[in-house]
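Quick notes on the structure that follows.
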Amino acid sequence: MDVTGPGEHSDQNRWDCHGCGDSSNRPEEDFLFCIRPEANNHAATCRAIPLK
């Protein structure tokens with residue numbers, strides 16, 4: 001899971017899951033304070049890669 005973009009005050013940030021290929025899909029809400037919890041929630045529930 002990667003969160004990338006210009007930073008805190010930009011709506012150009014996004015998250016991308018390397019396991020299942022999912023990503024953030026609401027560019028108007030891609031401020032870091034919005035996508036960090038979404039990225040964490042996805043990472044906690046994504047079952048694309050089994051835990052070792």
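Each chain in the structure tokens gets a letter, A, B, ..., in the order shown, and its residues are numbered from 1; ligands are numbered from 1 in order too.
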(request) Using DSSP on the backbone coordinates, identify the residues of chain A assigned to alpha helix (DSSP H); present them as a ChimeraX atom specification. (result) /A:32-45
Store the residues picked out above in a file with all heavy atoms, as a short mmCIF file (atom, residue, chain, number, x, y, z; two decimals), in the first residue's frame.
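Produced file out_5.cif, reproduced below:
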```cif
data_model
loop_
_atom_site.label_atom_id
_atom_site.label_comp_id
_atom_site.auth_asym_id
_atom_site.auth_seq_id
_atom_site.Cartn_x
_atom_site.Cartn_y
_atom_site.Cartn_z
N LEU A 32 -4.97 14.38 2.29
CA LEU A 32 -4.37 13.34 3.12
C LEU A 32 -5.23 12.96 4.32
O LEU A 32 -5.33 11.80 4.68
CB LEU A 32 -2.97 13.75 3.58
CG LEU A 32 -1.89 13.69 2.52
CD1 LEU A 32 -0.55 14.14 3.12
CD2 LEU A 32 -1.76 12.31 1.92
N PHE A 33 -5.91 13.93 4.94
CA PHE A 33 -6.72 13.60 6.11
C PHE A 33 -7.90 12.71 5.74
O PHE A 33 -8.45 12.02 6.60
CB PHE A 33 -7.19 14.86 6.85
CG PHE A 33 -8.24 15.66 6.13
CD1 PHE A 33 -9.58 15.40 6.32
CD2 PHE A 33 -7.87 16.69 5.28
CE1 PHE A 33 -10.55 16.14 5.66
CE2 PHE A 33 -8.83 17.44 4.62
CZ PHE A 33 -10.17 17.16 4.81
N CYS A 34 -8.28 12.68 4.47
CA CYS A 34 -9.36 11.79 4.01
C CYS A 34 -8.84 10.42 3.60
O CYS A 34 -9.46 9.40 3.89
CB CYS A 34 -10.09 12.40 2.82
SG CYS A 34 -11.04 13.87 3.18
N ILE A 35 -7.73 10.39 2.87
CA ILE A 35 -7.32 9.11 2.30
C ILE A 35 -6.47 8.26 3.24
O ILE A 35 -6.42 7.05 3.06
CB ILE A 35 -6.59 9.29 0.96
CG1 ILE A 35 -5.29 10.03 1.09
CG2 ILE A 35 -7.50 9.94 -0.05
CD1 ILE A 35 -4.45 9.98 -0.17
N ARG A 36 -5.83 8.86 4.23
CA ARG A 36 -5.06 8.02 5.16
C ARG A 36 -5.94 7.00 5.88
O ARG A 36 -5.59 5.82 5.90
CB ARG A 36 -4.31 8.89 6.16
CG ARG A 36 -3.07 9.52 5.59
CD ARG A 36 -2.37 10.36 6.61
NE ARG A 36 -1.13 10.88 6.09
CZ ARG A 36 -0.61 12.03 6.47
NH1 ARG A 36 -1.22 12.77 7.38
NH2 ARG A 36 0.52 12.44 5.96
N PRO A 37 -7.08 7.40 6.46
CA PRO A 37 -7.94 6.39 7.10
C PRO A 37 -8.48 5.37 6.10
O PRO A 37 -8.56 4.18 6.41
CB PRO A 37 -9.08 7.21 7.71
CG PRO A 37 -8.57 8.60 7.82
CD PRO A 37 -7.58 8.75 6.71
N GLU A 38 -8.82 5.81 4.89
CA GLU A 38 -9.31 4.88 3.87
C GLU A 38 -8.23 3.87 3.51
O GLU A 38 -8.51 2.67 3.36
CB GLU A 38 -9.72 5.63 2.61
CG GLU A 38 -10.99 6.43 2.75
CD GLU A 38 -11.32 7.16 1.45
OE1 GLU A 38 -10.77 6.81 0.40
OE2 GLU A 38 -12.14 8.09 1.52
N ALA A 39 -7.00 4.34 3.34
CA ALA A 39 -5.90 3.45 3.00
C ALA A 39 -5.65 2.44 4.13
O ALA A 39 -5.45 1.25 3.88
CB ALA A 39 -4.63 4.25 2.73
N ASN A 40 -5.68 2.90 5.37
CA ASN A 40 -5.50 2.00 6.51
C ASN A 40 -6.62 0.97 6.58
O ASN A 40 -6.37 -0.21 6.83
CB ASN A 40 -5.43 2.78 7.82
CG ASN A 40 -4.07 3.38 8.04
OD1 ASN A 40 -3.07 2.90 7.52
ND2 ASN A 40 -4.02 4.44 8.81
N ASN A 41 -7.85 1.40 6.37
CA ASN A 41 -8.98 0.46 6.40
C ASN A 41 -8.85 -0.58 5.29
O ASN A 41 -9.09 -1.77 5.52
CB ASN A 41 -10.31 1.21 6.25
CG ASN A 41 -10.67 1.99 7.48
OD1 ASN A 41 -10.18 1.72 8.57
ND2 ASN A 41 -11.53 2.97 7.31
N HIS A 42 -8.47 -0.14 4.11
CA HIS A 42 -8.31 -1.09 3.01
C HIS A 42 -7.18 -2.08 3.32
O HIS A 42 -7.33 -3.28 3.12
CB HIS A 42 -8.03 -0.38 1.69
CG HIS A 42 -7.84 -1.34 0.56
ND1 HIS A 42 -8.90 -1.89 -0.12
CD2 HIS A 42 -6.72 -1.88 0.03
CE1 HIS A 42 -8.43 -2.72 -1.03
NE2 HIS A 42 -7.11 -2.73 -0.96
N ALA A 43 -6.06 -1.56 3.81
CA ALA A 43 -4.92 -2.43 4.12
C ALA A 43 -5.29 -3.46 5.19
O ALA A 43 -4.84 -4.60 5.13
CB ALA A 43 -3.73 -1.59 4.57
N ALA A 44 -6.11 -3.07 6.13
CA ALA A 44 -6.50 -3.99 7.21
C ALA A 44 -7.43 -5.09 6.72
O ALA A 44 -7.45 -6.18 7.29
CB ALA A 44 -7.16 -3.21 8.33
N THR A 45 -8.19 -4.82 5.66
CA THR A 45 -9.17 -5.80 5.21
C THR A 45 -8.84 -6.47 3.88
O THR A 45 -9.50 -7.43 3.51
CB THR A 45 -10.57 -5.15 5.08
OG1 THR A 45 -10.50 -4.08 4.15
CG2 THR A 45 -11.05 -4.62 6.42
#
```
(request) Once DSSP has gone over the backbone, tell me which residues of chain A are in strand (DSSP E or B), as a PyMOL selection string. (result) chain A and resi 2-4+14-16+23
Requested write-out: C-alpha atoms of the selected residues, as a PDB file, in the first residue's frame:
```
ATOM      1  CA  ASP A   2       1.358   3.385  -1.010  1.00  0.00           C
ATOM      2  CA  VAL A   3      -0.037   6.838  -0.331  1.00  0.00           C
ATOM      3  CA  THR A   4       1.487   9.293  -2.792  1.00  0.00           C
ATOM      4  CA  ARG A  14      -3.995   8.933  -3.761  1.00  0.00           C
ATOM      5  CA  TRP A  15      -3.510   5.470  -2.328  1.00  0.00           C
ATOM      6  CA  ASP A  16      -2.720   2.369  -4.358  1.00  0.00           C
ATOM      7  CA  SER A  23      -6.898   2.639  -5.440  1.00  0.00           C
TER       8      SER A  23
END
```
(request) Compile the contact shell of Phe31 of chain A as a list of chain:residue names: residues with an atom at most 10 Å away, counting only C-alpha atoms, same-chain residues fewer than 4 positions apart removed. (result)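 Close residues of Phe31 of chain A: A:Gly5, A:Pro6, A:Gly7, A:Glu8, A:His9, A:Ser10, A:Asp11, A:Gln12, A:Asn13, A:Arg14, A:Pro27, A:Ile35, A:Arg36.
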